[in-house]
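What follows is a short report on a single structure.
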Amino acid sequence: MSQSKSRDGRRSGNPATRAAAEEQVEVGGRPRVTPRDWISGARLRTLPLAIAPVVAGSGIAHMVRDFSWPLALLALGVAVFLQIGVNYANDYSDGIRGTDEYRVGPARLTGSGLVNPKRVLAVALVFFGLAAVCGVIAVVLSERWWFLALGAVAIVAAWFYTGGKRPYGYAGLGEVMVFIFFGLVATVGTTWLQTDIQTQEVWFAAVGVGLFAVAVLIANNVRDIETDKLAGKRTLAVIIGDRASRILYVVCVLLPFAVPALYGFAYPGMVLVWLVLFAVIPCCLIVLFAKTAKELIGALALTSLASLAYASLIGAAFAF
């Protein structure tokens, strides 16, 4: 693959990335960074994955009559700010490693040479800080002090996904950690922040939400299998291969419907959860038979929205 120098001296082998960066050059050769570039860097299509567990967990808190608007909104702040921070941190880490030289998709801030890496890192740290502030306020209000340790672990895990000398996202563990933090920790944590009552429902909801988050990551990594191989990034999709990854995606988006099947007799609202299949089934067909990156990107975005719809309907079914 041919490569050319980017403006900050790094090499970029992706023609689309170079073109996107070159389009941002003003007269005089100075890069012009627009709000749209920063919004793109935040990767807004991933935010439903942060909102989904908070919605599901809050629904279960409402079920046991302990729902709290302030605590729910603070949990949402933690989740959203942490997700945005992760996205900027990934942009920074992948960019300085050179991983984004090979990627397919929208140009990244660091990898394209559009923004100084230190600025991207600073923005990531700002959002991590905002998540920490929301978390501390939630802990003070709820007096659940052990959540401070949980929050610290979440921030550390967010950074080492692609950061550090041995990022776990480069060793096939991304899906495991996404399931744990976007599913179990975020959903159960949201409920426990609001109530002392323990229920089995929250664990089933957490598994369903977590599997959707895993499916989104799988769709992303299937798209990037060949480029990740070139960059030396061993995602789960790289390790198990294209076909197995596509099948695993289907399993991950269909298994969550075991929850409405299991609880449908006790919570009549669960019938509405099955409507999410109208989005999930097309996603399965796209991922199974997609030939282009554009198709997989579309499936990724639709799966992310389906995750939020699933969590919202599950939460509402338990709550009402």
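Scheme for the structure tokens: letters A, B, ... for chains in order shown; per-chain residue numbers from 1; ligand numbers from 1 in order shown.
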
Env of segment 157-167 of chain A: 8 Å cut, atoms = only C-alpha atoms, seq-sep filter 2 positions within chain, self excluded. Answer as a short mmCIF file (atom, residue, chain, number, x, y, z; two decimals) with N, CA, C and O atoms, in the first residue's frame.
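Saved the output as around00.cif:
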```
data_model
loop_
_atom_site.label_atom_id
_atom_site.label_comp_id
_atom_site.auth_asym_id
_atom_site.auth_seq_id
_atom_site.Cartn_x
_atom_site.Cartn_y
_atom_site.Cartn_z
N LEU A 82 -18.38 9.37 29.42
CA LEU A 82 -17.35 8.33 29.35
C LEU A 82 -17.24 7.77 27.95
O LEU A 82 -16.13 7.54 27.45
N VAL A 86 -14.00 7.92 25.64
CA VAL A 86 -13.41 6.71 25.04
C VAL A 86 -13.17 6.91 23.55
O VAL A 86 -12.13 6.53 23.01
N ALA A 89 -10.26 9.16 23.06
CA ALA A 89 -9.05 8.45 23.49
C ALA A 89 -8.63 7.42 22.45
O ALA A 89 -7.43 7.25 22.17
N ASN A 90 -9.61 6.72 21.86
CA ASN A 90 -9.30 5.75 20.80
C ASN A 90 -8.73 6.46 19.58
O ASN A 90 -7.81 5.95 18.93
N SER A 93 -5.11 7.27 20.56
CA SER A 93 -4.23 6.11 20.67
C SER A 93 -4.01 5.42 19.34
O SER A 93 -2.88 5.08 18.96
N ASP A 94 -5.11 5.20 18.58
CA ASP A 94 -4.96 4.56 17.26
C ASP A 94 -4.17 5.45 16.31
O ASP A 94 -3.40 4.97 15.48
N VAL A 153 -12.33 2.22 38.04
CA VAL A 153 -12.04 1.05 37.20
C VAL A 153 -12.58 1.26 35.79
O VAL A 153 -11.92 0.90 34.79
N ALA A 154 -13.78 1.85 35.67
CA ALA A 154 -14.37 2.09 34.36
C ALA A 154 -13.52 3.04 33.53
O ALA A 154 -13.33 2.83 32.32
N ILE A 155 -13.00 4.09 34.16
CA ILE A 155 -12.16 5.06 33.43
C ILE A 155 -10.85 4.40 32.99
O ILE A 155 -10.38 4.60 31.86
N GLY A 169 -7.86 -4.06 23.55
CA GLY A 169 -8.60 -4.05 22.31
C GLY A 169 -7.81 -4.60 21.13
O GLY A 169 -8.37 -4.98 20.11
N TYR A 170 -6.49 -4.67 21.30
CA TYR A 170 -5.61 -5.21 20.27
C TYR A 170 -5.31 -6.68 20.50
O TYR A 170 -4.51 -7.28 19.81
N ALA A 171 -5.95 -7.27 21.53
CA ALA A 171 -5.67 -8.65 21.87
C ALA A 171 -6.94 -9.50 21.92
O ALA A 171 -7.01 -10.51 22.61
N GLY A 174 -11.75 -6.94 23.35
CA GLY A 174 -12.66 -5.81 23.30
C GLY A 174 -14.10 -6.20 23.56
O GLY A 174 -14.81 -5.55 24.33
#
```

Open item on the list: Residues near Gly210 of chain A, anyone? I mean within 10 Å using only C-alpha atoms, not counting same-chain ones fewer than 6 positions away, as a PyMOL selection string.
Closed with: chain A and resi 49+52-53+175-187+204+252-253+256+307

Task: Top pick for closest residue to Cys134 of chain A, considering A:Leu121, A:Leu71, A:Leu44, A:Val259 and counting only C-alpha atoms - done: A:Leu71

Task: Pick from A:Gly111, A:Gln194, A:Gly85, A:Gly98, whichever lies nearest to Ala138 of chain A using only C-alpha atoms - done: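 Ranking A:Gly111, A:Gln194, A:Gly85, A:Gly98 by distance to Ala138 of chain A, first place goes to A:Gln194.
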
Task: Contacts of Asp196 of chain A at 10 Å (only C-alpha atoms; same-chain gap of 4+ positions) as a ChimeraX atom specification - done: /A:61,64,66,144,191-192

- [ ] Could you jot down the atom CA of Leu254 of chain A to atom CA of Leu277 of chain A separation for me, Å, one decimal place?
- [x]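 Between these atoms lies a distance of 8.4 Å.
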
- [ ] Between atom CA of Gly269 of chain A and atom CA of Ala317 of chain A, measure the distance and give it in Å to one decimal.
- [x] 4.4 Å

Task: Close residues, Ala50 of chain A itself excluded, 8 Å, only C-alpha atoms, min 6 positions apart in chain, as a ChimeraX atom specification - done: /A:76,79-80,83,182

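Proximity to segment 244-250 of chain A at 6 Å, evaluated using only C-alpha atoms and with sequence-adjacent residues fewer than 6 positions away removed, yields Ala215, Ala237, Cys284 and Leu288 of chain A.
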
Written selection (N, CA and C atoms) as a PDB file, in the first residue's frame:
```pdb
ATOM      1  N   ALA A 215     -22.463  -6.815  19.676  1.00  0.00           N
ATOM      2  CA  ALA A 215     -22.798  -6.944  18.257  1.00  0.00           C
ATOM      3  C   ALA A 215     -22.334  -5.730  17.467  1.00  0.00           C
ATOM      4  N   ALA A 237     -12.475 -10.417  15.688  1.00  0.00           N
ATOM      5  CA  ALA A 237     -12.830 -10.711  14.298  1.00  0.00           C
ATOM      6  C   ALA A 237     -11.609 -11.186  13.508  1.00  0.00           C
ATOM      7  N   CYS A 284     -29.154  -8.406  10.510  1.00  0.00           N
ATOM      8  CA  CYS A 284     -28.553  -9.744  10.383  1.00  0.00           C
ATOM      9  C   CYS A 284     -28.274 -10.077   8.925  1.00  0.00           C
ATOM     10  N   LEU A 288     -24.538 -10.618   7.392  1.00  0.00           N
ATOM     11  CA  LEU A 288     -24.226 -11.937   6.839  1.00  0.00           C
ATOM     12  C   LEU A 288     -23.771 -11.873   5.384  1.00  0.00           C
TER      13      LEU A 288
END
```

Task: Closest of A:Thr46, A:Thr303, A:Ser312, A:Thr99 to Leu230 of chain A - atom-to-atom distances counting only C-alpha atoms - done: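 Among A:Thr46, A:Thr303, A:Ser312, A:Thr99, it is A:Thr99 that comes nearest to Leu230 of chain A.
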
TODO: Identify all residues of segment 16-188 of chain A in alpha helix (DSSP H) (DSSP on the backbone) and supply them as a PyMOL selection string.
DONE: chain A and resi 16-22+35-42+47-63+69-97+117-142+147-159+174-178+186-188

Within 12 Å of segment 261-268 of chain A, which residues of segment 148-204 of chain A come that close, and what is the closest atom pair and distance in Å for each? Count only C-alpha atoms and give it as CSV.
```
residue,atom,partner,partner_atom,distance
A:Gln200,CA,A:Tyr263,CA,11.2
A:Glu201,CA,A:Tyr263,CA,8.8
A:Val202,CA,A:Tyr263,CA,12.0
A:Phe204,CA,A:Leu262,CA,9.5
```

- [ ] Could you check which of A:Cys283, A:Ala122, A:Gly241, A:Phe278 is closest to Leu296 of chain A, using only C-alpha atoms?
- [x]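 When distances to Leu296 of chain A are compared using only C-alpha atoms, the smallest one comes from A:Cys283.
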
Task: Near-Val136 of chain A list (12 Å; only C-alpha atoms; drop same-chain fewer than 5 positions) as a ChimeraX atom specification - done: /A:71,74-75,77-78,129-131,141-152,193

Task: Nearest to Phe127 of chain A by atom-to-atom distance, counting only C-alpha atoms, from A:Lys229, A:Phe81, A:Ile60, A:Pro282 - done: A:Phe81

TODO: Rank nothing, just name the residue among A:Ala132, A:Ile239, A:Val188, A:Val271 nearest to Glu226 of chain A, using only C-alpha atoms.
DONE: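 Among the listed residues, A:Ile239 lies closest to Glu226 of chain A.
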